[in-house]
Amino acid sequence: MRIELEKRAEHSQLMTVVSPLIAIGLTLVCGSILFVSMGYNPIDALYAYFIEPLTTSWSIEELLVKAGPLVLIAVGLSVCFLSNSWNIGAEGQFTMGALAGSIIPVLFYDFTSPLALPLMVLMGILGGMAWASIPAFLKVRFGTNEILTSLMLVYIAQYILDFLVRGPWRDPEGFNFPESRIFDAAHVLPKIGEGRLHIGMIFAILAVLVVWWMLSRTLKGFEIKVMGETPRAGRFAGFSSNGVVWFGFLVSGGLAGLAGMAEVSGSIEQLTPVISPGYGFTAIIVAFLGRLNPIGILFAGLLLGLSYIGGESAQVSLGLTDKVTRVFQGMLLFFVLACDTLILYRFKIASSVKNMKEAGNV
Amino acid sequence: MENEQRSGPVTGGEDLIEAKGITKRFGDILANDNVDLVIKQGEIHALLGENGAGKSTLVKILYGALEPGAGEILWKGKRVSISNPAAARKLGVGMVFQHFSLFEALSVVENIALALPKGEKIEALSRRITEVSQKYGLPLDPAALVADLPVGIRQRIEIVRCLLQNPSLIIMDEPTSVLTPQEADQLFITLQRLASEGCAILYISHRLEEVKKICHNATIMRHGRVVGGCDPAEETPASLARMMVGGDVHDISAGAIEAQPGDVMLKLRNLSIPSDGAFGIELKDVNLDLRGGEIVAVAGIAANGQSELFDAISGETQVKDAYAVEICGVPVGKRKINDRRLLGSAFVPEERLGHGAVPGFVLSDNILLTRYKTEPSLIKHGMLNQKLATEMEKRITVSYDVRMSHDNPEARSLSGGNLQKFVVGRELDRVPKVLVINQPTWGVDAGAAALIRQAIIDLARGGSAVLVISQDLDEIYELSDRIAVISRGELSVAEPASEMTREKIGLLMAGMGEGKSASPAAKAGETHAH
């Protein structure tokens with residue numbers, strides 16, 4: 001007896017929905033094995049990770065704060081990934097968006113007109129787009145592999161941030177801490193309710209709706225999907241492959257930049273050497289877990305947001321290292337990609353020739 | 001004489017291989033359903049059937065590339081299990097594939113050495129190659145680089161590679177599909193020689209004439225089952241076709257009258273394109289006038305510039321000289337594909353899946369692929385009118401008899417013939433003024449092929465100009481008013497089909513016309529002539 005993979009005639013609608021759920025299940029199983037091998041009770045650990053954060057309103061709010069940037073970035077990445085461009089550098093575009101969005105609050109802190117915030121939003125988007133346009137240009141002009149260039153630009157962006165907050169942008173009254181000045185109230189995104197939740201989450205929901213509409217209803221979305229799946233057929237349809245590369249990178253860079261600006265202006269309210277717990281990378285998992293569908297990404301963003309909060313809560317209640325969060329996220333991405341196979345293939349158990357012969361005689 | 005050769009060895013031949021009750025299922029499809037096949041020593045046995053009839057599955061099982069779901073194989077009367085191609089080779093089964101598996105960067109002897117057991121010195125092997133190849137009239141230079149060799153010679157390498165293992169059975173999958181008629185004749189002599197020495201040959205082909213000419217026995221498959229056997233010599237191509245298709249193949253009527261050529265709708269003037277990359281073909285000074293109401297066919301062996309020519313006319317490749325391509329009197333050399341479509345032209349590429357259609361998209365989305373510019377109401381303010389696309393999909397699938405398992409399926413789920421009917425129907429639905437179609441019925445079953453060919457003829461009789469690029473000479477004769485031959489990127493003068501004999505086409509295919517390709521002057525004289 002052996003197990004064979006058999007190609008389906010068409011994409012399975014059922015598996016499109018079920019395969020991410022299988023992946024989550026497998027991640028939980030393997031996570032439990034991991035906890036046991038570390039000497040923890042898996043039930044306690046999983047409870048601390050995934051249930052405890054949902055028991056207080058504070059942490060639910062915190063979950064939304066974390067999910068906001070993840071969803072925003074992942075929605076942009078879905079456009080890029082669907083068009084078969086591999087922007088791995090959203091973390092860098094996030095950082096550059098945060099830097100560009102901080103120009104007003106750090107350098108022109110006296111400029112407190114109501115126009116300041118919309119301008120900061122715009123600059124954040126442009127900052128992310130500018131950073132994303134570098135790998136796009138290199139790919140279109142020289143055929144460079146965008147996975148490498150976009151990834152390497154992440155580290156450059158992080159060093160620029162580091163340089164600025166330790167050097168020219170350091171708060172003169174900040175006792176030499178590597179931090180920028182704290183943003184003026186006019187430069188802080190409005191809050192929703194009493195706590196830390198800010199309108200960055202609204203940006204994310206808007207992005208989900210607009211990108212969903214674009215992908216499913218417009219010619220542009222059609223073009224992106226055609227070029228992503230079959231570039232040769234796309235050229236036959238008269239679409240430009242370079243145009244699609246630019247579009248994907250600019251949209252994903254712009255949204256990552258917006259997320260960076262919103263994180264700095266809405267949550268941190270100043271620039272610090274580290275402004276992201278790896279949102280740009282985690283968003284890649286979110287995009288795939290959401291099946292590159294903006295609506296799916298909304299849910300996936302909440303789940304991955306939960307893994308951040310859960311990591312913090314498990315650290316407090318069980319003393320687990322926060323590295324476990326990264327392991328969890330990595331396993332999840334692995335299983336999501338593996339389970340994707342089930343959408344176009346199915347398992348078949350091929351029994352031995354003897355059995356088949358009997359079946360054939362029937 | 002042929003008959004003598006045919007009957008001679010077979011009468012004394014014993015059963016070499018016998019397949020009993022072979023069954024193989026792929027998902028919902030029963031590719032082989034209780035198939036029986038007997039091949040005797042020294043016979044050339046034809047395996048006939050439409051695409052999807054289950055021939056390839058059966059052959060792969062005999063060659064050990066697939067495991068049968070049920071059934072058994074007897075080799076010289078003993079039950080054997082052929083679990084992989086190495087086991088098949090050990091028994092004495094060799095296979096010559098339709099698509100060669102040769103490394104272009106290596107020499108002939110190196111390629112052959114790769115397939116043989118290790119240990120033989122290259123010099124010794126070279127000597128053996130020369131010996132065997134001369135014995136069977138397949139001259140080969142062991143030191144030649146494969147990249148430099150034409151397709152016919154490459155096939156020889158495959159055959160010689162097979163012969164060096166002293167096979168008792170050689171399986172040949174569509175061996176003549178890439179050969180000129182002259183090369184094919186050469187191959188037949190070799191096959192008959194092999195058969196006379198007792199080697200059996202399982203010969204898979206669509207070309208009924210050939211089967212009639214060289215095969216001693218035929219097994220006919222339809223929908224995964226064996227539906228009969230016959231002596232091809234006693235059949236006509238038409239009766240063989242009937243057995244394959246299971247009913248009379250719909251005859252194609254070319255229309256009552258000879259084509260009445262109208263205005264020039266597509267004009268190529270000194271169209272030249274350098275080759276892209278090492279394996280591209282350079283187009284050299286291609287000239288052609290295609291008139292309304294006529295069908296011109298471009299014959300040629302695969303990879304002689306057909307796809308380059310197609311891309312240059314469709315606009316997927318653009319040229320610097322705007323006047324090199326004119327569609328309906330408008331110079332379009334620099335224009336993009338949709339501008340050319342808007343002038344009234346339509347294109348059907350060779351590759352259905354991945355060029356003409358997106359595999360994972362449903363049919364209505366595949367309608368959008370080529371129609372969104374020419375059908376203004378499909379796109380409003382950048383938004384897709386999916387309702388209209390679905391209506392068009394219904395209309396086209398009904399009028400072109402596209403058979404589907406459910407409404408609006410993904411393109412990849414259709415069989416080759418049905419997808420081709422869809423891809424052709426999508427373009428013909430517009431009633432284009434100029435249609436350029438590359439390999440209209442390649443790998444398509446006879447029923448679908450007849451429907452497509454009839455649709456092409458009807459379009460031309462309605463006044464449109466049609467350019468058919470094809471490797472299938474039967475198809476070319478069936479369809480075309482004039483025939484040109486493309487060879488290494490050069491196109492011969494298109495001459496009336498009645499004047500183009502198979503021999504003449506064969507010579508042109510083999511490159512005899514190169515360097516003397518149609519010049520505008522010769523062309524003008526030729527078109528005035530009729």
# chains A, B, ... in the order shown; residues from 1 in each chain; ligands from 1

call {"tool": "interface_residues", "arguments": {"of": "chain B", "to": "chain A", "cutoff": "8 Å", "atoms": "only C-alpha atoms", "output": "list in words"}}
result
Thr23, Phe26, Gly27, Pro68, Gly69, Ala70, Gly71, Glu316, Lys336, Ile337, Asn338, Gly354, His355, Gly356, Ala357, Val358, Gly360, Leu369, Thr370, Ile379, Gly382, Met383, Leu384, Pro409, Glu410, Arg412 and Ser413 of chain B

call {"tool": "select_by_dssp", "arguments": {"residues": "range 137-254 of chain A", "states": "helix (DSSP H, G or I)", "output": "JSON, numbers by chain"}}
result
{"A": [137, 138, 139, 140, 141, 142, 146, 147, 148, 149, 150, 151, 152, 153, 154, 155, 156, 157, 158, 159, 160, 161, 162, 163, 164, 165, 166, 185, 186, 187, 200, 201, 202, 203, 204, 205, 206, 207, 208, 209, 210, 211, 212, 213, 214, 215, 216, 217, 219, 220, 221, 222, 223, 224, 225, 226, 227, 228, 229, 231, 232, 233, 234, 235, 236, 241, 242, 243, 244, 245, 246, 247, 248, 249, 250, 251, 252, 253, 254]}

call {"tool": "write_last_selection", "arguments": {"atoms": "C-alpha atoms", "output": "short mmCIF file (atom, residue, chain, number, x, y, z; two decimals), in the first residue's frame"}}
result
data_model
loop_
_atom_site.label_atom_id
_atom_site.label_comp_id
_atom_site.auth_asym_id
_atom_site.auth_seq_id
_atom_site.Cartn_x
_atom_site.Cartn_y
_atom_site.Cartn_z
CA PHE A 137 12.95 48.92 -10.84
CA LEU A 138 15.80 46.43 -10.50
CA LYS A 139 13.52 43.57 -11.52
CA VAL A 140 12.01 45.35 -14.51
CA ARG A 141 15.23 46.91 -15.74
CA PHE A 142 17.84 44.25 -14.98
CA GLU A 146 13.20 40.68 -6.21
CA ILE A 147 13.20 38.25 -3.30
CA LEU A 148 16.84 39.04 -2.57
CA THR A 149 16.74 42.77 -3.24
CA SER A 150 13.57 43.45 -1.30
CA LEU A 151 14.82 41.37 1.63
CA MET A 152 18.22 43.06 1.76
CA LEU A 153 16.57 46.47 1.67
CA VAL A 154 14.86 45.56 4.96
CA TYR A 155 18.19 45.65 6.77
CA ILE A 156 19.21 48.87 5.09
CA ALA A 157 15.94 50.49 6.18
CA GLN A 158 16.44 49.29 9.75
CA TYR A 159 19.95 50.72 9.87
CA ILE A 160 18.71 54.05 8.52
CA LEU A 161 16.12 54.12 11.31
CA ASP A 162 18.76 53.18 13.85
CA PHE A 163 21.09 55.88 12.58
CA LEU A 164 18.39 58.56 12.67
CA VAL A 165 17.14 57.85 16.19
CA ARG A 166 20.67 57.68 17.56
CA ALA A 185 -0.99 65.48 20.04
CA ALA A 186 -1.72 66.90 16.58
CA HIS A 187 0.58 64.27 15.08
CA GLY A 200 -5.07 52.28 11.91
CA MET A 201 -7.54 49.39 12.17
CA ILE A 202 -9.99 51.43 10.06
CA PHE A 203 -7.29 51.87 7.40
CA ALA A 204 -6.87 48.11 7.40
CA ILE A 205 -10.57 47.44 6.96
CA LEU A 206 -10.79 50.02 4.16
CA ALA A 207 -7.80 48.43 2.44
CA VAL A 208 -9.44 45.01 2.72
CA LEU A 209 -12.64 46.27 1.08
CA VAL A 210 -10.96 48.26 -1.69
CA VAL A 211 -8.47 45.56 -2.63
CA TRP A 212 -11.15 42.87 -2.48
CA TRP A 213 -13.29 44.92 -4.86
CA MET A 214 -10.34 45.61 -7.13
CA LEU A 215 -9.28 41.97 -7.33
CA SER A 216 -12.72 40.51 -7.88
CA ARG A 217 -14.51 43.12 -9.95
CA LEU A 219 -10.00 44.65 -15.11
CA LYS A 220 -6.90 45.56 -13.09
CA GLY A 221 -7.57 42.70 -10.70
CA PHE A 222 -8.14 40.37 -13.64
CA GLU A 223 -4.85 41.49 -15.15
CA ILE A 224 -3.01 40.82 -11.89
CA LYS A 225 -4.39 37.31 -11.60
CA VAL A 226 -3.74 36.44 -15.25
CA MET A 227 -0.17 37.70 -15.13
CA GLY A 228 0.40 35.87 -11.88
CA GLU A 229 -0.89 32.55 -13.08
CA PRO A 231 2.26 35.39 -18.00
CA ARG A 232 2.26 34.03 -21.56
CA ALA A 233 -1.54 34.15 -21.66
CA GLY A 234 -1.36 37.60 -20.08
CA ARG A 235 0.80 38.90 -22.91
CA PHE A 236 -1.63 37.29 -25.35
CA SER A 241 4.33 42.20 -17.36
CA ASN A 242 6.41 45.18 -16.25
CA GLY A 243 3.28 47.19 -15.50
CA VAL A 244 2.04 44.45 -13.21
CA VAL A 245 5.36 44.25 -11.36
CA TRP A 246 5.28 47.99 -10.72
CA PHE A 247 1.65 47.91 -9.66
CA GLY A 248 2.17 45.06 -7.20
CA PHE A 249 5.23 46.60 -5.61
CA LEU A 250 3.74 50.09 -5.35
CA VAL A 251 0.49 48.86 -3.79
CA SER A 252 2.23 46.57 -1.30
CA GLY A 253 4.92 49.15 -0.53
CA GLY A 254 2.34 51.91 -0.10
#

call {"tool": "atom_distance", "arguments": {"atom1": "CA of Ile367 in chain B", "atom2": "CA of Trp86 in chain A"}}
result
28.2 Å

call {"tool": "closest_atom_pairs", "arguments": {"of": "range 197-313 of chain A", "to": "range 95-98 of chain A", "cutoff": "6 Å", "atoms": "only C-alpha atoms", "output": "CSV"}}
result
residue,atom,partner,partner_atom,distance
A:Gly257,CA,A:Gly97,CA,3.6
A:Gly260,CA,A:Ala98,CA,4.3
A:Met261,CA,A:Ala98,CA,4.0

call {"tool": "write_last_selection", "arguments": {"atoms": "N, CA, C and O atoms", "output": "mmCIF file, in the first residue's frame"}}
result
data_model
loop_
_atom_site.group_PDB
_atom_site.id
_atom_site.type_symbol
_atom_site.label_atom_id
_atom_site.label_comp_id
_atom_site.auth_asym_id
_atom_site.auth_seq_id
_atom_site.Cartn_x
_atom_site.Cartn_y
_atom_site.Cartn_z
ATOM 1 N N GLY A 257 3.946 51.006 4.003
ATOM 2 C CA GLY A 257 4.358 52.321 4.491
ATOM 3 C C GLY A 257 3.278 52.951 5.354
ATOM 4 O O GLY A 257 3.556 53.526 6.415
ATOM 5 N N GLY A 260 3.347 51.340 8.671
ATOM 6 C CA GLY A 260 4.463 51.820 9.485
ATOM 7 C C GLY A 260 4.159 53.179 10.087
ATOM 8 O O GLY A 260 4.373 53.424 11.285
ATOM 9 N N MET A 261 3.618 54.056 9.260
ATOM 10 C CA MET A 261 3.264 55.384 9.751
ATOM 11 C C MET A 261 2.212 55.274 10.848
ATOM 12 O O MET A 261 2.304 55.942 11.904
#

call {"tool": "closest_residue", "arguments": {"among": "A:Ile51, A:Cys30, A:Leu77, A:Ala23", "to": "Gly311 in chain A", "atoms": "only C-alpha atoms"}}
result
A:Ile51

call {"tool": "residues_around", "arguments": {"residues": "range 274-289 of chain A", "least_positions_apart": "3", "cutoff": "6 Å", "atoms": "only C-alpha atoms", "output": "PyMOL selection string"}}
result
chain A and resi 20+70+74+78+90-91+292+297+300-301+333

call {"tool": "write_last_selection", "arguments": {"atoms": "C-alpha atoms", "output": "compact mmCIF listing (two decimals), in the first residue's frame"}}
result
# COMPACT_ATOMS: atom_id res chain seq x y z
CA PRO A 20 -5.90 26.68 6.09
CA LEU A 70 -0.60 42.79 9.82
CA ALA A 74 -0.78 41.47 4.05
CA SER A 78 -1.59 39.66 -1.63
CA ALA A 90 7.47 44.68 3.53
CA GLU A 91 9.29 45.08 6.85
CA LEU A 292 -4.29 35.81 -0.76
CA ILE A 297 -6.51 37.96 5.33
CA ALA A 300 -5.68 35.44 9.35
CA GLY A 301 -4.44 38.80 10.65
CA LEU A 333 3.51 29.08 7.28

call {"tool": "closest_residue", "arguments": {"among": "B:Ser405, B:Arg426, B:Val286, B:Leu164", "to": "Glu393 in chain B", "atoms": "only C-alpha atoms"}}
result
B:Arg426

call {"tool": "residues_around", "arguments": {"residues": "range 205-220 of chain B", "least_positions_apart": "2", "cutoff": "8 Å", "atoms": "only C-alpha atoms", "output": "MDAnalysis selection string"}}
result
chainID B and resid 2 6:7 10 37 43:50 173:175 188 192 203 222 226:233 235:237 240:241 243:244

call {"tool": "write_last_selection", "arguments": {"atoms": "N, CA and C atoms", "output": "JSON list (two decimals), in the first residue's frame"}}
result
[["chain", "number", "residue", "atom", "x", "y", "z"],
["B", 2, "GLU", "N", 5.52, -5.10, -50.52],
["B", 2, "GLU", "CA", 5.26, -4.71, -49.14],
["B", 2, "GLU", "C", 4.44, -5.78, -48.43],
["B", 6, "ARG", "N", 5.14, -7.86, -45.19],
["B", 6, "ARG", "CA", 4.23, -7.78, -44.07],
["B", 6, "ARG", "C", 3.84, -9.16, -43.55],
["B", 7, "SER", "N", 3.48, -10.02, -44.49],
["B", 7, "SER", "CA", 2.94, -11.29, -44.02],
["B", 7, "SER", "C", 4.06, -12.27, -43.65],
["B", 10, "VAL", "N", 5.23, -12.72, -39.86],
["B", 10, "VAL", "CA", 4.19, -12.75, -38.84],
["B", 10, "VAL", "C", 3.59, -14.13, -38.67],
["B", 37, "LEU", "N", -4.12, -7.03, -25.33],
["B", 37, "LEU", "CA", -3.29, -6.72, -26.50],
["B", 37, "LEU", "C", -2.29, -7.86, -26.67],
["B", 43, "GLU", "N", 6.30, -8.59, -35.78],
["B", 43, "GLU", "CA", 5.23, -7.86, -36.45],
["B", 43, "GLU", "C", 5.29, -6.38, -36.10],
["B", 44, "ILE", "N", 4.80, -5.60, -37.03],
["B", 44, "ILE", "CA", 4.63, -4.17, -36.76],
["B", 44, "ILE", "C", 3.16, -4.00, -36.42],
["B", 45, "HIS", "N", 2.92, -3.66, -35.17],
["B", 45, "HIS", "CA", 1.56, -3.66, -34.66],
["B", 45, "HIS", "C", 1.13, -2.22, -34.40],
["B", 46, "ALA", "N", 0.07, -1.81, -35.05],
["B", 46, "ALA", "CA", -0.37, -0.42, -34.87],
["B", 46, "ALA", "C", -1.33, -0.32, -33.69],
["B", 47, "LEU", "N", -1.16, 0.75, -32.93],
["B", 47, "LEU", "CA", -2.11, 1.04, -31.86],
["B", 47, "LEU", "C", -2.79, 2.34, -32.27],
["B", 48, "LEU", "N", -4.09, 2.22, -32.57],
["B", 48, "LEU", "CA", -4.80, 3.39, -33.10],
["B", 48, "LEU", "C", -5.82, 3.87, -32.10],
["B", 49, "GLY", "N", -6.10, 5.14, -32.16],
["B", 49, "GLY", "CA", -7.13, 5.68, -31.29],
["B", 49, "GLY", "C", -7.04, 7.19, -31.26],
["B", 50, "GLU", "N", -8.16, 7.81, -30.92],
["B", 50, "GLU", "CA", -8.16, 9.26, -30.82],
["B", 50, "GLU", "C", -7.36, 9.67, -29.60],
["B", 173, "ASP", "N", 6.17, 6.08, -30.35],
["B", 173, "ASP", "CA", 5.02, 6.96, -30.14],
["B", 173, "ASP", "C", 5.06, 8.07, -31.18],
["B", 174, "GLU", "N", 4.16, 8.04, -32.12],
["B", 174, "GLU", "CA", 4.04, 9.06, -33.17],
["B", 174, "GLU", "C", 5.40, 9.40, -33.78],
["B", 175, "PRO", "N", 6.11, 8.39, -34.30],
["B", 175, "PRO", "CA", 7.49, 8.68, -34.71],
["B", 175, "PRO", "C", 7.59, 9.62, -35.90],
["B", 188, "PHE", "N", 10.49, 3.97, -42.43],
["B", 188, "PHE", "CA", 9.70, 2.78, -42.69],
["B", 188, "PHE", "C", 10.57, 1.62, -43.14],
["B", 192, "GLN", "N", 10.81, -1.99, -41.30],
["B", 192, "GLN", "CA", 10.52, -3.26, -41.96],
["B", 192, "GLN", "C", 11.71, -4.21, -41.84],
["B", 203, "TYR", "N", 3.47, 0.40, -32.88],
["B", 203, "TYR", "CA", 3.55, 1.65, -33.61],
["B", 203, "TYR", "C", 2.30, 2.49, -33.34],
["B", 222, "ARG", "N", -10.82, 2.90, -28.08],
["B", 222, "ARG", "CA", -11.74, 4.04, -27.96],
["B", 222, "ARG", "C", -12.19, 4.12, -26.52],
["B", 226, "VAL", "N", -10.46, -1.60, -25.85],
["B", 226, "VAL", "CA", -10.12, -2.08, -27.18],
["B", 226, "VAL", "C", -11.43, -2.33, -27.91],
["B", 227, "VAL", "N", -11.61, -1.69, -29.05],
["B", 227, "VAL", "CA", -12.88, -1.87, -29.77],
["B", 227, "VAL", "C", -12.74, -2.75, -30.99],
["B", 228, "GLY", "N", -11.51, -3.19, -31.26],
["B", 228, "GLY", "CA", -11.39, -4.08, -32.39],
["B", 228, "GLY", "C", -9.97, -4.19, -32.87],
["B", 229, "GLY", "N", -9.77, -5.15, -33.77],
["B", 229, "GLY", "CA", -8.47, -5.30, -34.38],
["B", 229, "GLY", "C", -8.69, -5.54, -35.86],
["B", 230, "CYS", "N", -7.67, -5.31, -36.66],
["B", 230, "CYS", "CA", -7.86, -5.54, -38.09],
["B", 230, "CYS", "C", -6.50, -5.66, -38.75],
["B", 231, "ASP", "N", -6.54, -6.08, -40.01],
["B", 231, "ASP", "CA", -5.34, -6.02, -40.84],
["B", 231, "ASP", "C", -5.44, -4.73, -41.63],
["B", 232, "PRO", "N", -4.58, -3.75, -41.32],
["B", 232, "PRO", "CA", -4.74, -2.43, -41.93],
["B", 232, "PRO", "C", -4.69, -2.49, -43.46],
["B", 233, "ALA", "N", -4.01, -3.47, -44.01],
["B", 233, "ALA", "CA", -3.89, -3.53, -45.46],
["B", 233, "ALA", "C", -5.24, -3.72, -46.11],
["B", 235, "GLU", "N", -7.99, -2.44, -45.00],
["B", 235, "GLU", "CA", -8.89, -1.33, -44.69],
["B", 235, "GLU", "C", -8.51, -0.11, -45.51],
["B", 236, "THR", "N", -9.40, 0.85, -45.55],
["B", 236, "THR", "CA", -9.07, 2.14, -46.14],
["B", 236, "THR", "C", -8.86, 3.11, -44.99],
["B", 237, "PRO", "N", -8.15, 4.21, -45.24],
["B", 237, "PRO", "CA", -8.00, 5.20, -44.16],
["B", 237, "PRO", "C", -9.37, 5.59, -43.59],
["B", 240, "LEU", "N", -10.59, 2.89, -41.23],
["B", 240, "LEU", "CA", -9.82, 2.91, -40.00],
["B", 240, "LEU", "C", -10.29, 4.06, -39.11],
["B", 241, "ALA", "N", -10.48, 5.20, -39.74],
["B", 241, "ALA", "CA", -10.92, 6.38, -38.98],
["B", 241, "ALA", "C", -12.27, 6.10, -38.34],
["B", 243, "MET", "N", -13.47, 3.27, -37.35],
["B", 243, "MET", "CA", -13.32, 2.41, -36.18],
["B", 243, "MET", "C", -12.81, 3.20, -34.99],
["B", 244, "MET", "N", -11.91, 4.14, -35.26],
["B", 244, "MET", "CA", -11.34, 4.94, -34.18],
["B", 244, "MET", "C", -12.39, 5.83, -33.53]]

call {"tool": "residues_around", "arguments": {"residues": "Val80 in chain B", "least_positions_apart": "4", "cutoff": "12 Å", "atoms": "only C-alpha atoms", "output": "JSON, numbers by chain"}}
result
{"B": [17, 18, 19, 20, 62, 64, 71, 72, 73, 74, 75, 76, 84, 87, 88, 90, 91]}

call {"tool": "write_last_selection", "arguments": {"atoms": "N, CA, C and O atoms", "output": "mmCIF file, in the first residue's frame"}}
result
data_model
loop_
_atom_site.group_PDB
_atom_site.id
_atom_site.type_symbol
_atom_site.label_atom_id
_atom_site.label_comp_id
_atom_site.auth_asym_id
_atom_site.auth_seq_id
_atom_site.Cartn_x
_atom_site.Cartn_y
_atom_site.Cartn_z
ATOM 1 N N ILE B 17 4.503 -10.553 -26.457
ATOM 2 C CA ILE B 17 3.992 -9.945 -25.237
ATOM 3 C C ILE B 17 2.477 -9.988 -25.295
ATOM 4 O O ILE B 17 1.883 -9.813 -26.368
ATOM 5 N N GLU B 18 1.901 -10.279 -24.167
ATOM 6 C CA GLU B 18 0.456 -10.307 -24.121
ATOM 7 C C GLU B 18 0.006 -9.559 -22.872
ATOM 8 O O GLU B 18 0.477 -9.850 -21.761
ATOM 9 N N ALA B 19 -0.854 -8.593 -23.090
ATOM 10 C CA ALA B 19 -1.416 -7.867 -21.953
ATOM 11 C C ALA B 19 -2.845 -8.350 -21.786
ATOM 12 O O ALA B 19 -3.580 -8.469 -22.762
ATOM 13 N N LYS B 20 -3.210 -8.668 -20.547
ATOM 14 C CA LYS B 20 -4.549 -9.227 -20.309
ATOM 15 C C LYS B 20 -5.278 -8.385 -19.277
ATOM 16 O O LYS B 20 -4.782 -8.205 -18.158
ATOM 17 N N LEU B 62 3.147 -0.854 -20.405
ATOM 18 C CA LEU B 62 4.028 -1.852 -21.009
ATOM 19 C C LEU B 62 5.489 -1.488 -20.795
ATOM 20 O O LEU B 62 6.350 -2.359 -20.701
ATOM 21 N N GLY B 64 6.604 0.125 -18.226
ATOM 22 C CA GLY B 64 6.927 0.178 -16.806
ATOM 23 C C GLY B 64 6.893 1.569 -16.206
ATOM 24 O O GLY B 64 7.308 1.772 -15.079
ATOM 25 N N GLY B 71 -4.844 -6.432 -13.930
ATOM 26 C CA GLY B 71 -4.458 -7.092 -15.170
ATOM 27 C C GLY B 71 -3.057 -7.646 -15.073
ATOM 28 O O GLY B 71 -2.344 -7.412 -14.101
ATOM 29 N N GLU B 72 -2.662 -8.428 -16.100
ATOM 30 C CA GLU B 72 -1.325 -9.016 -16.063
ATOM 31 C C GLU B 72 -0.672 -8.942 -17.428
ATOM 32 O O GLU B 72 -1.327 -8.758 -18.456
ATOM 33 N N ILE B 73 0.641 -9.039 -17.396
ATOM 34 C CA ILE B 73 1.408 -8.982 -18.633
ATOM 35 C C ILE B 73 2.199 -10.273 -18.770
ATOM 36 O O ILE B 73 2.875 -10.691 -17.819
ATOM 37 N N LEU B 74 2.076 -10.915 -19.928
ATOM 38 C CA LEU B 74 2.846 -12.130 -20.196
ATOM 39 C C LEU B 74 3.923 -11.790 -21.209
ATOM 40 O O LEU B 74 3.654 -11.166 -22.233
ATOM 41 N N TRP B 75 5.154 -12.195 -20.920
ATOM 42 C CA TRP B 75 6.272 -11.980 -21.836
ATOM 43 C C TRP B 75 6.748 -13.350 -22.283
ATOM 44 O O TRP B 75 7.169 -14.158 -21.465
ATOM 45 N N LYS B 76 6.609 -13.640 -23.537
ATOM 46 C CA LYS B 76 6.917 -14.958 -24.090
ATOM 47 C C LYS B 76 6.225 -16.056 -23.269
ATOM 48 O O LYS B 76 6.844 -17.055 -22.896
ATOM 49 N N ASN B 84 9.297 -0.899 -13.501
ATOM 50 C CA ASN B 84 9.893 0.384 -13.896
ATOM 51 C C ASN B 84 10.541 0.230 -15.266
ATOM 52 O O ASN B 84 10.720 -0.893 -15.745
ATOM 53 N N ALA B 87 13.311 -2.273 -15.690
ATOM 54 C CA ALA B 87 12.862 -3.663 -15.789
ATOM 55 C C ALA B 87 12.389 -3.958 -17.207
ATOM 56 O O ALA B 87 12.635 -5.042 -17.748
ATOM 57 N N ALA B 88 11.725 -2.993 -17.812
ATOM 58 C CA ALA B 88 11.248 -3.172 -19.180
ATOM 59 C C ALA B 88 12.431 -3.347 -20.129
ATOM 60 O O ALA B 88 12.436 -4.232 -20.983
ATOM 61 N N LYS B 90 15.318 -4.435 -19.398
ATOM 62 C CA LYS B 90 15.967 -5.698 -19.121
ATOM 63 C C LYS B 90 15.260 -6.850 -19.853
ATOM 64 O O LYS B 90 15.889 -7.764 -20.370
ATOM 65 N N LEU B 91 13.925 -6.762 -19.901
ATOM 66 C CA LEU B 91 13.158 -7.767 -20.625
ATOM 67 C C LEU B 91 13.424 -7.695 -22.112
ATOM 68 O O LEU B 91 13.351 -8.695 -22.819
#

call {"tool": "residues_around", "arguments": {"residues": "range 318-332 of chain A", "least_positions_apart": "4", "cutoff": "7 Å", "atoms": "only C-alpha atoms", "output": "list in words"}}
result
Ala23, Ile24, Thr27, Gly31, Ser307, Tyr308, Gly311, Glu312, Ala314 and Val336 of chain A

call {"tool": "residues_around", "arguments": {"residues": "Thr317 in chain B", "least_positions_apart": "2", "cutoff": "10 Å", "atoms": "only C-alpha atoms", "output": "list in words"}}
result
Arg235 of chain A; Ile273, Glu308, Leu309, Phe310, Asp311, Ala312, Ile313, Ser314, Gly315, Val319, Gly333, Lys334, Arg335, Lys336 and Ile337 of chain B

call {"tool": "closest_residue", "arguments": {"among": "B:Leu191, B:Ala184, B:Ala450, B:Val332", "to": "Glu503 in chain B", "atoms": "only C-alpha atoms"}}
result
B:Ala184

call {"tool": "select_by_dssp", "arguments": {"residues": "range 24-64 of chain B", "states": "strand (DSSP E or B)", "output": "PyMOL selection string"}}
result
chain B and resi 24-26+29-40+44-49
